[in-house]
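To be precise, the following lines are structure_10.tsv, and they hold TSV, C-alpha atoms.
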chain	number	residue	atom	x	y	z
A	1	MET	CA	90.37	119.07	139.99
A	2	THR	CA	93.91	119.75	141.12
A	3	PHE	CA	97.22	119.03	139.47
A	4	PRO	CA	100.37	118.01	141.31
A	5	THR	CA	103.07	120.63	141.54
A	6	ASP	CA	105.80	118.03	141.17
A	7	PRO	CA	106.26	117.44	137.41
A	8	LEU	CA	107.45	113.91	138.15
A	9	GLN	CA	103.95	113.09	139.38
A	10	TYR	CA	102.25	114.63	136.34
A	11	PRO	CA	101.50	111.89	133.77
A	12	PRO	CA	103.61	112.20	130.62
A	13	GLY	CA	101.68	113.22	127.57
A	14	ALA	CA	98.80	114.76	129.50
A	15	ALA	CA	99.61	118.25	128.25
A	16	ALA	CA	99.97	116.93	124.70
A	17	GLU	CA	96.57	115.22	124.96
A	18	LEU	CA	94.97	118.50	126.04
A	19	SER	CA	96.57	120.48	123.23
A	20	ALA	CA	95.68	117.77	120.70
A	21	ALA	CA	92.04	117.95	121.71
A	22	ALA	CA	92.05	121.75	121.41
A	23	PHE	CA	93.74	121.52	118.00
A	24	ALA	CA	91.16	119.06	116.64
A	25	ASP	CA	88.29	121.32	117.80
A	26	GLU	CA	89.56	124.41	115.97
A	27	SER	CA	87.73	125.28	112.77
A	28	GLY	CA	87.31	128.22	110.45
A	29	VAL	CA	88.25	129.64	107.07
A	30	ASN	CA	91.83	130.55	106.10
A	31	SER	CA	92.97	133.53	104.02
A	32	ARG	CA	92.64	131.41	100.84
A	33	GLY	CA	88.98	130.72	101.51
A	34	GLN	CA	89.58	127.08	102.49
A	35	THR	CA	87.67	125.65	105.42
A	36	TYR	CA	89.69	123.81	108.08
A	37	GLY	CA	88.81	121.70	111.09
A	38	GLY	CA	88.46	118.26	112.58
A	39	ALA	CA	86.46	115.37	111.21
A	40	ALA	CA	85.57	113.48	114.39
A	41	GLU	CA	81.83	114.15	114.19
A	42	ILE	CA	81.55	113.95	110.39
A	43	ASN	CA	80.20	110.76	108.83
A	44	ASP	CA	79.76	111.97	105.24
A	45	ASP	CA	82.79	112.82	103.07
A	46	SER	CA	80.92	115.66	101.40
A	47	ARG	CA	80.79	117.49	104.75
A	48	LEU	CA	84.56	117.38	105.37
A	49	PRO	CA	86.35	120.72	105.58
A	50	ASP	CA	88.81	121.45	102.76
A	51	LEU	CA	91.69	120.92	105.21
A	52	VAL	CA	91.17	118.12	107.75
A	53	ALA	CA	93.05	118.25	111.07
A	54	ALA	CA	95.64	115.48	111.33
A	55	PHE	CA	98.85	114.51	113.07
A	56	GLY	CA	101.56	113.77	110.55
A	57	SER	CA	104.80	111.91	110.73
A	58	GLU	CA	106.65	112.72	113.93
A	59	MET	CA	103.24	113.62	115.51
A	60	ARG	CA	103.32	117.14	114.09
A	61	PRO	CA	99.86	118.77	114.02
A	62	GLY	CA	98.64	120.06	110.69
A	63	TYR	CA	96.02	119.55	108.02
A	64	VAL	CA	95.51	117.19	105.09
A	65	LYS	CA	93.53	118.14	101.99
A	66	ALA	CA	90.19	116.34	102.00
A	67	SER	CA	90.79	115.58	98.31
A	68	ASP	CA	93.97	113.69	99.29
A	69	LEU	CA	91.94	111.58	101.71
A	70	ARG	CA	89.39	110.78	98.99
A	71	ALA	CA	91.99	109.92	96.32
A	72	ASP	CA	91.59	106.51	94.73
A	73	PRO	CA	94.56	104.36	95.79
A	74	ALA	CA	94.27	102.35	92.55
A	75	THR	CA	95.23	105.45	90.56
A	76	ASP	CA	98.00	106.46	92.96
A	77	LYS	CA	101.48	105.91	91.53
A	78	GLN	CA	103.02	104.78	94.84
A	79	SER	CA	103.70	101.06	94.86
A	80	SER	CA	103.27	100.24	98.57
A	81	ASN	CA	100.10	100.13	100.64
A	82	VAL	CA	101.11	103.42	102.21
A	83	ARG	CA	100.39	106.73	100.52
A	84	VAL	CA	102.31	109.79	101.66
A	85	VAL	CA	100.55	113.14	101.25
A	86	PRO	CA	101.61	116.62	102.32
A	87	LEU	CA	100.82	117.80	105.84
A	88	LEU	CA	99.84	121.45	105.61
A	89	SER	CA	99.58	124.48	107.83
A	90	ARG	CA	96.23	126.22	108.22
A	91	GLU	CA	97.28	128.44	105.30
A	92	SER	CA	98.06	125.43	103.02
A	93	GLU	CA	101.83	125.65	103.32
A	94	GLU	CA	103.59	122.29	103.50
A	95	VAL	CA	104.94	121.54	106.98
A	96	GLY	CA	105.50	117.80	106.84
A	97	THR	CA	104.03	114.53	105.63
A	98	PHE	CA	101.03	112.38	106.49
A	99	GLU	CA	100.87	108.63	105.82
A	100	ILE	CA	97.65	106.95	104.73
A	101	GLY	CA	97.46	103.16	104.99
A	102	ASN	CA	99.44	100.59	106.88

Rewrite the structure of this file - the entire thing - as structure tokens.
Amino acid sequence: MTFPTDPLQYPPGAAAELSAAAFADESGVNSRGQTYGGAAEINDDSRLPDLVAAFGSEMRPGYVKASDLRADPATDKQSSNVRVVPLLSRESEEVGTFEIGN
């Protein structure tokens, strides 16, 4: 496989797609003992890592707490169909927001 040397011939977003795939494949345990990683191959909520890889608002990569994904929308105090939860770094520091719903 070869890539063109002229950046005008290189499809936009191709580098972002490659880095997004690499990001989603990363997994491990942070300094707080929380597991992190992607959820593409997981079909049982109990097997989710503590921090699930996600792209937040403005397409920023980060992680969402699995407990936020499991939260019951009926008990959520937000009035719209969209829930906004924190987007976190690998070390659980807030770096943005993630929207759940439509």

Gap from atom CA of A:Ala53 to atom CA of A:Arg32 - Å, one decimal = 16.7 Å

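Residue nearest A:Val85 within the list A:Thr97, A:Thr35, A:Ser57, A:Ser67: A:Thr97 [criterion: smallest interatomic distance, all atoms listed in the file].
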
task = Choose the residue, out of A:Leu69, A:Arg60, A:Arg90, A:Asn81, that has the smallest atom-to-atom separation from A:Gly37; count only C-alpha atoms.
result =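 So, comparing all the options, the nearest one is A:Arg90.
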
Around (87.1, 117.8, 114.1) in the file's frame, which residues reach within 6 Å when counting all atoms listed in the file? Return as an mmCIF file with C-alpha atoms, in the coordinates of the input?
data_model
loop_
_atom_site.group_PDB
_atom_site.id
_atom_site.type_symbol
_atom_site.label_atom_id
_atom_site.label_comp_id
_atom_site.auth_asym_id
_atom_site.auth_seq_id
_atom_site.Cartn_x
_atom_site.Cartn_y
_atom_site.Cartn_z
ATOM 1 C CA ALA A 24 91.160 119.060 116.640
ATOM 2 C CA ASP A 25 88.290 121.320 117.800
ATOM 3 C CA GLY A 37 88.810 121.700 111.090
ATOM 4 C CA GLY A 38 88.460 118.260 112.580
ATOM 5 C CA ALA A 39 86.460 115.370 111.210
ATOM 6 C CA ALA A 40 85.570 113.480 114.390
#

inquiry  = Show me the residues close to (101.7, 112.9, 114.5) - anything with an atom within 12 Å, counting all atoms listed in the file - and format the list as a list in words.
reply    =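 Within the cut-off we find Ala16, Glu17, Ala20, Ala53, Ala54, Phe55, Gly56, Ser57, Glu58, Met59, Arg60, Pro61, Gly62, Tyr63, Leu87, Val95, Gly96, Thr97, Phe98 and Glu99 of chain A.
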